[in-house]
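The file protein_22.cif comes next; it holds mmCIF, C-alpha atoms.
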data_my_file
#
loop_
_atom_site.label_atom_id
_atom_site.label_comp_id
_atom_site.auth_asym_id
_atom_site.auth_seq_id
_atom_site.Cartn_x
_atom_site.Cartn_y
_atom_site.Cartn_z
CA THR A 1 0.00 0.00 0.00
CA VAL A 2 2.83 2.38 0.86
CA SER A 3 4.63 1.75 -2.43
CA CYS A 4 1.41 2.20 -4.39
CA THR A 5 0.73 5.53 -2.68
CA LEU A 6 4.24 6.74 -3.41
CA PHE A 7 3.88 5.72 -7.04
CA LEU A 8 0.70 7.74 -7.41
CA ALA A 9 2.26 10.74 -5.72
CA VAL A 10 5.18 10.71 -8.14
CA ASN A 11 3.14 10.09 -11.30
CA GLY A 12 0.13 12.34 -10.80
CA LEU A 13 0.35 15.89 -9.41
CA TYR A 14 -3.20 16.67 -10.50
CA SER A 15 -6.46 14.73 -10.53
CA ALA A 16 -9.88 15.04 -12.16
CA SER A 17 -11.25 16.68 -9.03
CA ASP A 18 -8.92 19.67 -9.42
CA ASP A 19 -9.75 22.77 -11.48
CA VAL A 20 -6.44 22.30 -13.29
CA ILE A 21 -7.09 20.84 -16.76
CA GLU A 22 -4.76 17.99 -17.66
CA LEU A 23 -3.38 18.52 -21.18
CA THR A 24 -1.84 15.93 -23.53
CA PRO A 25 -0.77 15.82 -27.17
CA THR A 26 -4.20 14.40 -27.95
CA ASN A 27 -6.26 17.27 -26.57
CA PHE A 28 -3.82 20.19 -26.53
CA ASN A 29 -4.68 21.62 -29.91
CA LYS A 30 -8.42 21.40 -29.41
CA GLU A 31 -8.41 22.68 -25.82
CA VAL A 32 -5.75 25.40 -26.08
CA ILE A 33 -4.79 26.30 -29.66
CA GLN A 34 -8.33 26.34 -31.02
CA SER A 35 -9.75 28.05 -27.92
CA GLU A 36 -10.84 31.67 -27.60
CA SER A 37 -9.94 31.63 -23.93
CA LEU A 38 -6.71 32.85 -22.40
CA TRP A 39 -4.71 29.92 -21.01
CA LEU A 40 -1.98 29.52 -18.40
CA VAL A 41 -0.20 26.23 -18.91
CA GLU A 42 2.36 24.63 -16.59
CA PHE A 43 4.81 22.15 -18.08
CA TYR A 44 5.98 19.94 -15.21
CA ALA A 45 7.70 16.69 -14.30
CA PRO A 46 6.19 14.62 -11.45
CA TRP A 47 9.63 13.98 -9.88
CA CYS A 48 10.56 17.70 -9.87
CA GLY A 49 10.66 19.16 -6.34
CA HIS A 50 9.89 22.71 -7.53
CA CYS A 51 6.87 21.37 -9.44
CA GLN A 52 5.61 19.55 -6.35
CA ARG A 53 5.89 22.75 -4.29
CA LEU A 54 4.06 24.72 -7.01
CA THR A 55 1.18 22.23 -7.22
CA PRO A 56 -1.03 23.55 -4.35
CA GLU A 57 -0.52 27.17 -5.49
CA TRP A 58 -1.37 26.21 -9.07
CA LYS A 59 -4.55 24.47 -7.90
CA LYS A 60 -5.61 27.50 -5.84
CA ALA A 61 -5.01 29.83 -8.80
CA ALA A 62 -7.03 27.52 -11.09
CA THR A 63 -9.99 27.59 -8.68
CA ALA A 64 -9.83 31.39 -8.35
CA LEU A 65 -9.68 31.87 -12.13
CA LYS A 66 -12.35 29.28 -12.97
CA GLY A 67 -14.66 30.65 -15.66
CA VAL A 68 -12.33 33.58 -16.32
CA VAL A 69 -8.99 32.14 -17.42
CA LYS A 70 -8.22 28.48 -18.21
CA VAL A 71 -5.43 26.89 -16.19
CA GLY A 72 -3.82 23.70 -17.44
CA ALA A 73 -0.88 21.39 -16.84
CA VAL A 74 1.22 19.14 -19.08
CA ASP A 75 3.25 16.23 -17.76
CA ALA A 76 6.22 17.13 -19.97
CA ASP A 77 8.22 14.18 -18.66
CA LYS A 78 5.59 11.82 -20.08
CA HIS A 79 4.78 13.97 -23.14
CA GLN A 80 8.25 15.15 -24.11
CA SER A 81 7.25 15.91 -27.71
CA LEU A 82 4.68 18.45 -26.53
CA GLY A 83 7.18 20.12 -24.23
CA GLY A 84 9.72 20.16 -27.03
CA GLN A 85 7.31 22.03 -29.30
CA TYR A 86 7.34 24.93 -26.84
CA GLY A 87 11.02 24.90 -25.99
CA VAL A 88 10.63 23.55 -22.46
CA ARG A 89 14.11 23.04 -20.99
CA GLY A 90 13.41 23.03 -17.27
CA PHE A 91 10.62 22.43 -14.75
CA PRO A 92 8.27 23.94 -14.01
CA THR A 93 7.87 26.12 -17.11
CA ILE A 94 4.75 28.28 -17.31
CA LYS A 95 3.50 29.75 -20.57
CA ILE A 96 0.65 32.16 -21.35
CA PHE A 97 -1.40 31.42 -24.47
CA GLY A 98 -3.18 34.69 -25.27
CA ALA A 99 -4.40 36.38 -28.46
CA ASN A 100 -1.92 34.60 -30.72
CA LYS A 101 -1.92 30.98 -29.63
CA ASN A 102 0.99 30.21 -31.90
CA LYS A 103 3.24 32.63 -29.95
CA ALA A 104 3.02 31.70 -26.30
CA GLU A 105 4.63 34.04 -23.77
CA ASP A 106 6.84 32.89 -20.89
CA TYR A 107 5.53 33.61 -17.39
CA GLN A 108 8.32 35.12 -15.28
CA GLY A 109 6.35 36.01 -12.12
CA GLY A 110 6.22 34.59 -8.64
CA ARG A 111 5.17 31.04 -7.81
CA THR A 112 2.37 31.95 -5.40
CA SER A 113 -1.33 31.74 -6.23
CA ASP A 114 -1.69 35.52 -5.79
CA ALA A 115 1.14 36.27 -8.24
CA ILE A 116 -0.23 33.78 -10.76
CA VAL A 117 -3.74 35.25 -10.58
CA ASP A 118 -2.41 38.81 -10.93
CA ALA A 119 -0.42 37.85 -14.02
CA ALA A 120 -3.43 36.09 -15.52
CA LEU A 121 -5.71 39.08 -15.02
CA SER A 122 -3.08 41.43 -16.44
CA ALA A 123 -2.76 39.27 -19.56
CA LEU A 124 -6.53 39.08 -19.83
CA ARG A 125 -6.82 42.88 -19.61
CA SER A 126 -4.29 43.28 -22.44
CA LEU A 127 -6.15 40.78 -24.59
CA VAL A 128 -9.47 42.60 -24.11
CA LYS A 129 -7.91 45.98 -24.91
CA ASP A 130 -6.38 44.55 -28.07
CA ARG A 131 -9.76 43.25 -29.17
CA LEU A 132 -11.39 46.57 -28.37
CA SER A 133 -8.84 48.48 -30.44
CA GLY A 134 -9.11 46.02 -33.31
CA ARG A 135 -5.44 45.05 -33.16
CA SER A 136 -6.27 41.39 -32.75
CA GLY A 137 -8.80 39.01 -34.19
CA GLY A 138 -9.22 37.52 -30.73
CA TYR A 139 -7.16 34.41 -31.21
CA SER A 140 -5.17 32.52 -33.78
CA SER A 141 -5.79 28.81 -33.92
CA GLY A 142 -4.31 26.12 -36.04
CA LYS A 143 -7.68 25.41 -37.63
CA GLN A 144 -8.32 29.06 -38.35
CA SER A 145 -4.92 29.53 -39.96
CA ARG A 146 -5.68 26.71 -42.37
CA GLU A 147 -9.09 28.01 -43.33
CA SER A 148 -8.79 31.77 -43.51
CA GLY A 149 -6.36 34.39 -44.71
CA GLY A 150 -3.30 33.90 -46.86
CA GLY A 151 -5.14 32.50 -49.86
CA ASP A 152 -8.10 30.36 -50.80
CA LYS A 153 -7.82 26.88 -49.30
CA LYS A 154 -11.19 25.57 -50.50
CA ASP A 155 -9.59 22.75 -52.48
CA VAL A 156 -7.35 21.45 -49.67
CA ILE A 157 -9.24 18.58 -48.02
CA GLU A 158 -8.91 18.49 -44.23
CA LEU A 159 -8.60 14.90 -42.98
CA THR A 160 -8.91 13.44 -39.48
CA ASP A 161 -8.41 10.13 -37.71
CA ASP A 162 -12.07 9.38 -38.36
CA SER A 163 -12.28 10.41 -42.03
CA PHE A 164 -8.89 9.33 -43.36
CA ASP A 165 -9.46 5.68 -44.26
CA LYS A 166 -12.86 6.26 -45.85
CA ASN A 167 -11.54 9.06 -48.05
CA VAL A 168 -7.98 7.98 -48.82
CA ILE A 169 -7.37 4.27 -48.31
CA ASN A 170 -10.53 3.17 -50.14
CA SER A 171 -10.17 5.70 -52.96
CA ASP A 172 -9.27 5.05 -56.58
CA ASP A 173 -7.80 8.56 -56.75
CA VAL A 174 -4.24 9.61 -55.91
CA TRP A 175 -3.80 11.56 -52.65
CA MET A 176 -0.99 13.89 -51.64
CA VAL A 177 -1.35 14.43 -47.89
CA GLU A 178 0.48 17.06 -45.84
CA PHE A 179 0.93 16.30 -42.13
CA TYR A 180 1.40 19.63 -40.36
CA ALA A 181 1.55 21.27 -36.94
CA PRO A 182 -0.14 24.67 -36.46
CA TRP A 183 2.91 26.11 -34.70
CA CYS A 184 5.38 24.97 -37.39
CA GLY A 185 6.96 27.83 -39.35
CA HIS A 186 7.79 25.65 -42.36
CA CYS A 187 4.15 24.52 -42.47
CA LYS A 188 2.99 28.13 -42.52
CA ASN A 189 5.36 28.86 -45.41
CA LEU A 190 4.06 25.85 -47.32
CA GLU A 191 0.40 26.66 -46.68
CA PRO A 192 -0.27 29.16 -49.54
CA GLU A 193 1.75 27.06 -51.99
CA TRP A 194 -0.19 23.93 -51.03
CA ALA A 195 -3.52 25.76 -51.35
CA ALA A 196 -2.71 27.22 -54.78
CA ALA A 197 -1.45 23.87 -56.03
CA ALA A 198 -4.60 22.12 -54.78
CA THR A 199 -6.83 24.30 -56.95
CA GLU A 200 -4.66 23.92 -60.05
CA VAL A 201 -4.27 20.16 -59.61
CA LYS A 202 -8.00 19.68 -59.09
CA GLU A 203 -8.70 21.47 -62.37
CA GLN A 204 -5.99 19.83 -64.45
CA THR A 205 -6.62 16.28 -63.26
CA LYS A 206 -10.43 16.57 -63.06
CA GLY A 207 -10.18 15.76 -59.35
CA LYS A 208 -8.25 12.51 -59.88
CA VAL A 209 -5.33 13.78 -57.77
CA LYS A 210 -6.31 15.33 -54.45
CA LEU A 211 -4.32 17.47 -52.03
CA ALA A 212 -5.16 17.12 -48.35
CA ALA A 213 -3.90 18.18 -44.93
CA VAL A 214 -3.82 16.51 -41.52
CA ASP A 215 -3.20 18.38 -38.25
CA ALA A 216 -0.81 15.85 -36.76
CA THR A 217 -0.96 17.44 -33.31
CA VAL A 218 -4.67 16.61 -33.10
CA ASN A 219 -4.81 13.40 -35.13
CA GLN A 220 -2.22 11.45 -33.18
CA MET A 221 -3.38 8.05 -34.45
CA LEU A 222 -2.58 8.96 -38.06
CA ALA A 223 0.71 10.59 -37.14
CA GLY A 224 1.74 7.45 -35.28
CA ARG A 225 0.57 5.07 -37.99
CA TYR A 226 2.67 6.79 -40.65
CA GLY A 227 5.69 7.55 -38.46
CA ILE A 228 5.46 11.33 -38.67
CA ARG A 229 8.56 12.76 -36.96
CA GLY A 230 8.85 16.25 -38.46
CA PHE A 231 6.69 18.91 -40.04
CA PRO A 232 5.59 19.32 -42.68
CA THR A 233 5.73 15.72 -43.94
CA ILE A 234 4.04 14.98 -47.26
CA LYS A 235 3.06 11.45 -48.24
CA ILE A 236 1.61 10.07 -51.45
CA PHE A 237 -1.16 7.47 -51.25
CA GLN A 238 -2.20 5.28 -54.18
CA LYS A 239 -4.66 2.42 -54.00
CA GLY A 240 -3.02 -0.94 -53.42
CA GLU A 241 0.43 0.54 -52.73
CA ASP A 242 2.34 1.52 -49.61
CA PRO A 243 2.50 5.30 -49.05
CA VAL A 244 5.71 7.00 -50.18
CA ASP A 245 7.30 10.25 -49.05
CA TYR A 246 7.18 13.27 -51.32
CA ASP A 247 10.68 14.70 -51.35
CA GLY A 248 10.31 17.33 -54.08
CA GLY A 249 10.32 21.11 -53.90
CA ARG A 250 7.83 23.07 -51.80
CA THR A 251 6.70 25.61 -54.41
CA ARG A 252 3.33 25.34 -56.11
CA SER A 253 4.98 24.60 -59.46
CA ASP A 254 6.97 21.72 -57.93
CA ILE A 255 3.87 20.29 -56.28
CA ILE A 256 1.77 20.64 -59.43
CA ALA A 257 4.45 18.99 -61.58
CA ARG A 258 4.61 15.98 -59.24
CA ALA A 259 0.83 15.74 -59.12
CA LEU A 260 0.59 15.73 -62.92
CA ASP A 261 3.25 13.03 -63.09
CA LEU A 262 1.20 10.94 -60.68
CA PHE A 263 -1.91 11.61 -62.74
CA SER A 264 -0.31 10.60 -66.02
CA ASP A 265 1.15 7.45 -64.45
CA ASN A 266 -2.31 6.41 -63.28
CA ALA A 267 -4.46 7.83 -66.06
CA PRO A 268 -6.08 5.36 -68.48
CA PRO A 269 -4.91 5.43 -72.11
CA PRO A 270 -6.46 8.43 -73.87
CA GLU A 271 -9.29 7.79 -76.30
CA LEU A 272 -8.70 8.14 -80.01
CA LEU A 273 -12.05 8.96 -81.60
CA GLU A 274 -13.18 9.04 -85.21
CA ILE A 275 -14.97 12.23 -86.23
CA ILE A 276 -18.33 10.78 -87.23
CA ASN A 277 -20.46 13.81 -86.36
CA GLU A 278 -20.30 17.36 -85.00
CA ASP A 279 -20.84 16.29 -81.37
CA VAL A 280 -17.64 14.25 -81.34
CA LEU A 281 -15.54 17.14 -82.62
CA LYS A 282 -17.03 19.77 -80.31
CA SER A 283 -17.04 17.63 -77.14
CA ILE A 284 -13.35 16.80 -77.49
CA CYS A 285 -12.03 20.12 -78.75
CA ASP A 286 -14.07 22.21 -76.30
CA ALA A 287 -12.94 20.11 -73.32
CA HIS A 288 -9.19 20.15 -74.01
CA GLN A 289 -6.55 22.81 -74.44
CA LEU A 290 -5.55 21.26 -77.76
CA CYS A 291 -7.18 18.66 -79.95
CA ILE A 292 -4.90 16.70 -82.25
CA ILE A 293 -6.74 15.93 -85.49
CA SER A 294 -5.35 13.47 -88.04
CA VAL A 295 -6.70 12.88 -91.52
CA LEU A 296 -5.82 9.38 -92.70
CA PRO A 297 -5.76 8.06 -96.27
CA HIS A 298 -8.88 6.46 -97.68
CA ILE A 299 -9.34 2.85 -96.62
CA LEU A 300 -8.97 1.71 -100.23
CA ASP A 301 -5.50 3.22 -100.32
CA THR A 302 -4.20 1.53 -97.14
CA GLY A 303 -6.45 -1.34 -96.20
CA ALA A 304 -7.17 -2.16 -92.55
CA SER A 305 -3.56 -3.02 -91.71
CA GLY A 306 -2.22 0.25 -93.09
CA ARG A 307 -4.86 2.31 -91.27
CA ASN A 308 -4.22 0.47 -88.01
CA SER A 309 -0.51 1.20 -88.28
CA TYR A 310 -1.29 4.93 -88.45
CA LEU A 311 -3.70 4.64 -85.52
CA ASP A 312 -1.05 2.78 -83.50
CA VAL A 313 1.40 5.64 -84.03
CA MET A 314 -1.22 8.12 -82.82
CA LEU A 315 -2.03 6.01 -79.76
CA LYS A 316 1.64 5.80 -78.81
CA MET A 317 1.99 9.56 -79.05
CA ALA A 318 -1.25 10.09 -77.13
CA GLU A 319 0.12 7.89 -74.35
CA LYS A 320 3.47 9.69 -74.37
CA TYR A 321 1.83 13.12 -74.02
CA LYS A 322 -1.15 12.10 -71.91
CA LYS A 323 -0.16 14.37 -69.02
CA LYS A 324 -0.90 17.28 -71.39
CA MET A 325 -4.50 16.06 -71.46
CA TRP A 326 -5.01 16.80 -75.13
CA GLY A 327 -7.90 15.38 -77.16
CA TRP A 328 -7.18 12.99 -80.04
CA LEU A 329 -9.33 12.66 -83.19
CA TRP A 330 -9.10 11.28 -86.71
CA ALA A 331 -11.09 11.29 -89.92
CA GLU A 332 -10.86 9.56 -93.27
CA ALA A 333 -9.62 11.65 -96.20
CA GLY A 334 -12.56 13.27 -97.95
CA ALA A 335 -15.09 12.44 -95.21
CA GLN A 336 -14.81 15.92 -93.69
CA SER A 337 -13.60 17.97 -96.63
CA ASP A 338 -14.77 21.29 -95.16
CA LEU A 339 -12.77 20.63 -91.99
CA GLU A 340 -9.71 19.72 -94.07
CA SER A 341 -9.96 23.01 -95.98
CA SER A 342 -10.31 25.07 -92.79
CA LEU A 343 -7.10 23.47 -91.46
CA GLY A 344 -5.13 23.69 -94.70
CA ILE A 345 -5.04 19.91 -95.08
CA GLY A 346 -5.33 18.04 -98.34
CA GLY A 347 -2.99 19.93 -100.59
CA PHE A 348 0.09 17.89 -99.76
CA GLY A 349 -1.29 14.38 -99.34
CA TYR A 350 -2.25 12.07 -96.54
CA PRO A 351 -1.85 11.25 -93.70
CA ALA A 352 -1.89 14.75 -92.22
CA MET A 353 -2.13 16.17 -88.70
CA ALA A 354 -3.19 19.48 -87.16
CA ALA A 355 -3.17 20.64 -83.53
CA VAL A 356 -6.13 22.94 -82.89
CA ASN A 357 -6.74 25.38 -80.04
CA ALA A 358 -10.54 25.65 -80.16
CA ARG A 359 -10.64 28.58 -77.74
CA LYS A 360 -8.39 30.73 -79.90
CA MET A 361 -9.41 29.05 -83.16
CA LYS A 362 -5.80 28.66 -84.21
CA PHE A 363 -3.97 25.60 -85.50
CA ALA A 364 -0.51 24.27 -86.27
CA LEU A 365 0.28 21.74 -88.99
CA LEU A 366 2.61 18.77 -88.88
CA LYS A 367 5.30 19.50 -91.47
CA GLY A 368 7.46 16.43 -90.85
CA SER A 369 6.75 12.77 -91.38
CA PHE A 370 3.69 11.03 -89.98
CA SER A 371 5.85 8.78 -87.80
CA GLU A 372 6.67 8.46 -84.11
CA GLN A 373 9.77 10.62 -84.55
CA GLY A 374 8.07 13.23 -86.75
CA ILE A 375 4.97 13.56 -84.58
CA ASN A 376 7.05 13.58 -81.40
CA GLU A 377 9.11 16.54 -82.66
CA PHE A 378 5.92 18.35 -83.69
CA LEU A 379 4.21 17.82 -80.32
CA ARG A 380 7.35 18.62 -78.35
CA GLU A 381 7.54 22.01 -80.04
CA LEU A 382 3.89 22.62 -79.22
CA SER A 383 4.36 21.64 -75.59
CA VAL A 384 6.98 24.37 -75.09
CA GLY A 385 4.98 27.00 -76.95
CA ARG A 386 6.96 26.97 -80.21
CA GLY A 387 5.86 26.41 -83.76
CA SER A 388 3.97 28.54 -86.26
CA THR A 389 0.20 28.83 -86.04
CA ALA A 390 -2.56 30.10 -88.32
CA PRO A 391 -6.22 30.99 -87.77
CA VAL A 392 -8.80 28.33 -88.51
CA GLY A 393 -10.40 29.13 -91.85
CA GLY A 394 -13.60 31.09 -91.35
CA GLY A 395 -12.78 31.66 -87.67
CA ALA A 396 -14.83 28.64 -86.56
CA PHE A 397 -15.19 24.95 -87.20
CA PRO A 398 -17.12 24.30 -90.43
CA LYS A 399 -20.09 22.01 -90.77
CA ILE A 400 -19.25 18.44 -89.82
CA HIS A 401 -20.93 15.68 -91.82
CA SER A 402 -22.38 12.62 -90.12
CA VAL A 403 -20.69 9.48 -91.42
CA GLU A 404 -20.73 5.80 -90.58
CA PRO A 405 -17.86 4.80 -88.27
CA TRP A 406 -15.14 2.62 -89.70
CA ASP A 407 -15.94 -1.07 -89.18
CA GLY A 408 -12.30 -2.09 -88.89
CA LYS A 409 -12.31 -3.97 -92.17
CA ASP A 410 -10.65 -3.51 -95.53
CA GLY A 411 -12.57 -1.29 -97.93
CA GLU A 412 -14.44 -2.65 -100.92
CA LEU A 413 -14.76 -1.10 -104.36
CA PRO A 414 -18.31 -0.08 -105.33
CA VAL A 415 -20.15 -2.86 -107.09
CA GLU A 416 -20.75 -1.99 -110.76
CA ASP A 417 -23.70 -3.29 -112.80
CA ASP A 418 -22.85 -6.09 -115.26
CA ILE A 419 -23.20 -5.20 -118.95
CA ASP A 420 -24.98 -7.84 -121.06
CA LEU A 421 -23.70 -7.80 -124.66
CA SER A 422 -25.42 -11.04 -125.72
CA ASP A 423 -27.99 -9.22 -127.87
CA VAL A 424 -25.46 -7.08 -129.72
CA ASP A 425 -24.65 -8.23 -133.27
CA LEU A 426 -21.07 -7.21 -133.76
CA ASP A 427 -21.34 -7.97 -137.48
CA ASP A 428 -23.64 -4.97 -137.87
CA TRP A 429 -20.92 -2.60 -136.59
CA ASP A 430 -18.78 -0.69 -138.97
CA LYS A 431 -15.72 -2.80 -139.49
CA ASP A 432 -13.61 0.33 -139.70
CA GLU A 433 -14.72 1.39 -136.22
CA LEU A 434 -13.64 -1.95 -134.86
#

What does the file become when written as structure tokens?
Amino acid sequence: TVSCTLFLAVNGLYSASDDVIELTPTNFNKEVIQSESLWLVEFYAPWCGHCQRLTPEWKKAATALKGVVKVGAVDADKHQSLGGQYGVRGFPTIKIFGANKNKAEDYQGGRTSDAIVDAALSALRSLVKDRLSGRSGGYSSGKQSRESGGGDKKDVIELTDDSFDKNVINSDDVWMVEFYAPWCGHCKNLEPEWAAAATEVKEQTKGKVKLAAVDATVNQMLAGRYGIRGFPTIKIFQKGEDPVDYDGGRTRSDIIARALDLFSDNAPPPELLEIINEDVLKSICDAHQLCIISVLPHILDTGASGRNSYLDVMLKMAEKYKKKMWGWLWAEAGAQSDLESSLGIGGFGYPAMAAVNARKMKFALLKGSFSEQGINEFLRELSVGRGSTAPVGGGAFPKIHSVEPWDGKDGELPVEDDIDLSDVDLDDWDKDEL
């Protein structure tokens, strides 16, 4: 019994019956950082003699300030990571969390309940005056800093211990997840870059790559599961694979580039559609920055094998440039003659290719060979903004004719009517004409 009592005395300076609020890494952010109240927080070690002598004074101050100022205590010997976040080097350390929760002030006053209460009321008076004069928004919490000011963060998805698995682990999409701490300076620097990248990535990948954020100081289960040791830590999650660390740059362009790489790696092969009516042309060209239109020789000139070889070249190039998210179309020579004329195709033979910007109604023509090398050089120039362009003839797409889609077979010559000469008497013809 004696040893048990001593153990409790060493390991618990405060109990649930006290007005001192026990704080841990699990509840610290919610109770203190996201609170509008002014807080006095003692970081202590149960074995520390000075802490033990402070305990009754701290309890008395907590009771006197109840309902006015929050008084808490952290066992910093047990929760060393939390003490480390606030630079605790000795015990007891007392900090005041006022208007700006991310910049706690050190308490340097006496260790009596009267001195503690006086300091609390003085800090409270300063906080109220600041609010009255408009110099402070009242408080600065980790949650608030992620959701307001410094840019639009509407496309950054906030995840928690409860929502993570449902959203990320069971998703077919790619997730880039930032684990942050509200007090972390590097996290604050990353925040606007992450937010801007989230919006751009959402648009360019049609939501197939998502950027998210986890407050690791609140969601301890997730932080522990993924071994988060520093902030910010960014991890990439893809269905069926172990998460990997993102070790690229921290600018929005770096983040976007990595996201687009992830998208292209996971994107299905792009569709290559035949222009059989106006809806096909408009749906593809209106939805993409560029639409790549090829006009292939007539089926009678190439047969099915020859046409398929051209289509295979296009599919390979579409796969190679799929992160550009261009649309890919083709038509048979002569099937869409008005479209050919508007793009300057037809005068130099088939196959031919044009890259069309439907928003600007401008196009560029493939001048080289219709081969992997020739098309690759053409598209590479386009991807870096080089190459000559011309306006689409008439300033808009011409009328598109509805045609039957290719059936994948060799073409057949039109069937001609047989000529019956059985009733013709050749002897009646002029011999000279024969």

Check which residues satisfy the PyMOL selection byres ((chain A and resi 70) around 12) in the file shown, then give them as a PDB file with C-alpha atoms, in the coordinates of the input.
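And here's part-v4.pdb as it stands now:
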ATOM      1  CA  ASP A  19      -9.750  22.770 -11.480  1.00  0.00           C
ATOM      2  CA  VAL A  20      -6.440  22.300 -13.290  1.00  0.00           C
ATOM      3  CA  ILE A  21      -7.090  20.840 -16.760  1.00  0.00           C
ATOM      4  CA  GLU A  22      -4.760  17.990 -17.660  1.00  0.00           C
ATOM      5  CA  LEU A  23      -3.380  18.520 -21.180  1.00  0.00           C
ATOM      6  CA  GLU A  31      -8.410  22.680 -25.820  1.00  0.00           C
ATOM      7  CA  VAL A  32      -5.750  25.400 -26.080  1.00  0.00           C
ATOM      8  CA  SER A  35      -9.750  28.050 -27.920  1.00  0.00           C
ATOM      9  CA  GLU A  36     -10.840  31.670 -27.600  1.00  0.00           C
ATOM     10  CA  SER A  37      -9.940  31.630 -23.930  1.00  0.00           C
ATOM     11  CA  LEU A  38      -6.710  32.850 -22.400  1.00  0.00           C
ATOM     12  CA  TRP A  39      -4.710  29.920 -21.010  1.00  0.00           C
ATOM     13  CA  LEU A  40      -1.980  29.520 -18.400  1.00  0.00           C
ATOM     14  CA  VAL A  41      -0.200  26.230 -18.910  1.00  0.00           C
ATOM     15  CA  GLU A  42       2.360  24.630 -16.590  1.00  0.00           C
ATOM     16  CA  TRP A  58      -1.370  26.210  -9.070  1.00  0.00           C
ATOM     17  CA  LYS A  59      -4.550  24.470  -7.900  1.00  0.00           C
ATOM     18  CA  ALA A  61      -5.010  29.830  -8.800  1.00  0.00           C
ATOM     19  CA  ALA A  62      -7.030  27.520 -11.090  1.00  0.00           C
ATOM     20  CA  THR A  63      -9.990  27.590  -8.680  1.00  0.00           C
ATOM     21  CA  ALA A  64      -9.830  31.390  -8.350  1.00  0.00           C
ATOM     22  CA  LEU A  65      -9.680  31.870 -12.130  1.00  0.00           C
ATOM     23  CA  LYS A  66     -12.350  29.280 -12.970  1.00  0.00           C
ATOM     24  CA  GLY A  67     -14.660  30.650 -15.660  1.00  0.00           C
ATOM     25  CA  VAL A  68     -12.330  33.580 -16.320  1.00  0.00           C
ATOM     26  CA  VAL A  69      -8.990  32.140 -17.420  1.00  0.00           C
ATOM     27  CA  VAL A  71      -5.430  26.890 -16.190  1.00  0.00           C
ATOM     28  CA  GLY A  72      -3.820  23.700 -17.440  1.00  0.00           C
ATOM     29  CA  ALA A  73      -0.880  21.390 -16.840  1.00  0.00           C
ATOM     30  CA  ILE A  96       0.650  32.160 -21.350  1.00  0.00           C
ATOM     31  CA  PHE A  97      -1.400  31.420 -24.470  1.00  0.00           C
ATOM     32  CA  GLY A  98      -3.180  34.690 -25.270  1.00  0.00           C
ATOM     33  CA  VAL A 117      -3.740  35.250 -10.580  1.00  0.00           C
ATOM     34  CA  ALA A 120      -3.430  36.090 -15.520  1.00  0.00           C
ATOM     35  CA  LEU A 121      -5.710  39.080 -15.020  1.00  0.00           C
ATOM     36  CA  LEU A 124      -6.530  39.080 -19.830  1.00  0.00           C
TER      37      LEU A 124
END

Practice problem: Please determine the residues with any atom at most 12 Å from (-0.3, 6.7, -86.1) (coordinates as given in the file, with only C-alpha atoms counting) and report them as a VMD selection string. | Solution: chain A and resid 272 292 to 297 305 to 319 328 to 330 350 to 353 369 to 376

Would you save the residues from that selection as a CSV table (one decimal), keeping the file's coordinate frame, using C-alpha atoms?
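Below you can see result34.csv, which holds the result:
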chain,number,residue,atom,x,y,z
A,272,LEU,CA,-8.7,8.1,-80.0
A,292,ILE,CA,-4.9,16.7,-82.2
A,293,ILE,CA,-6.7,15.9,-85.5
A,294,SER,CA,-5.4,13.5,-88.0
A,295,VAL,CA,-6.7,12.9,-91.5
A,296,LEU,CA,-5.8,9.4,-92.7
A,297,PRO,CA,-5.8,8.1,-96.3
A,305,SER,CA,-3.6,-3.0,-91.7
A,306,GLY,CA,-2.2,0.2,-93.1
A,307,ARG,CA,-4.9,2.3,-91.3
A,308,ASN,CA,-4.2,0.5,-88.0
A,309,SER,CA,-0.5,1.2,-88.3
A,310,TYR,CA,-1.3,4.9,-88.4
A,311,LEU,CA,-3.7,4.6,-85.5
A,312,ASP,CA,-1.0,2.8,-83.5
A,313,VAL,CA,1.4,5.6,-84.0
A,314,MET,CA,-1.2,8.1,-82.8
A,315,LEU,CA,-2.0,6.0,-79.8
A,316,LYS,CA,1.6,5.8,-78.8
A,317,MET,CA,2.0,9.6,-79.0
A,318,ALA,CA,-1.2,10.1,-77.1
A,319,GLU,CA,0.1,7.9,-74.4
A,328,TRP,CA,-7.2,13.0,-80.0
A,329,LEU,CA,-9.3,12.7,-83.2
A,330,TRP,CA,-9.1,11.3,-86.7
A,350,TYR,CA,-2.2,12.1,-96.5
A,351,PRO,CA,-1.8,11.2,-93.7
A,352,ALA,CA,-1.9,14.8,-92.2
A,353,MET,CA,-2.1,16.2,-88.7
A,369,SER,CA,6.8,12.8,-91.4
A,370,PHE,CA,3.7,11.0,-90.0
A,371,SER,CA,5.8,8.8,-87.8
A,372,GLU,CA,6.7,8.5,-84.1
A,373,GLN,CA,9.8,10.6,-84.6
A,374,GLY,CA,8.1,13.2,-86.8
A,375,ILE,CA,5.0,13.6,-84.6
A,376,ASN,CA,7.0,13.6,-81.4

Quiz item: Which residues fall under the PyMOL selection byres ((chain A and resi 184) around 12) in this file, as a PyMOL selection string?
Solution: chain A and resi 85-86+102-103+142+145+179-183+185-191+215-217+230-233

Self-check item: Distance criterion (only C-alpha atoms): nearest to Ala76 of chain A out of A:Gln52, A:Thr24, A:Ser283, A:Asn100
Solution: A:Thr24

Quiz item: So which residues touch Val403 of chain A within 8 Å, counting only C-alpha atoms, skipping near sequence neighbours fewer than 6 positions away, as an NGL selection string?
Solution: :A and (276-277 or 335)

Quiz item: Any idea what's packed within 9 Å of segment 168-174 of chain A, counting only C-alpha atoms, ignoring anything in its chain fewer than 3 positions away? Could you give it as a PyMOL selection string?
Solution: chain A and resi 163-165+207-211+236-240+259+262-263+266
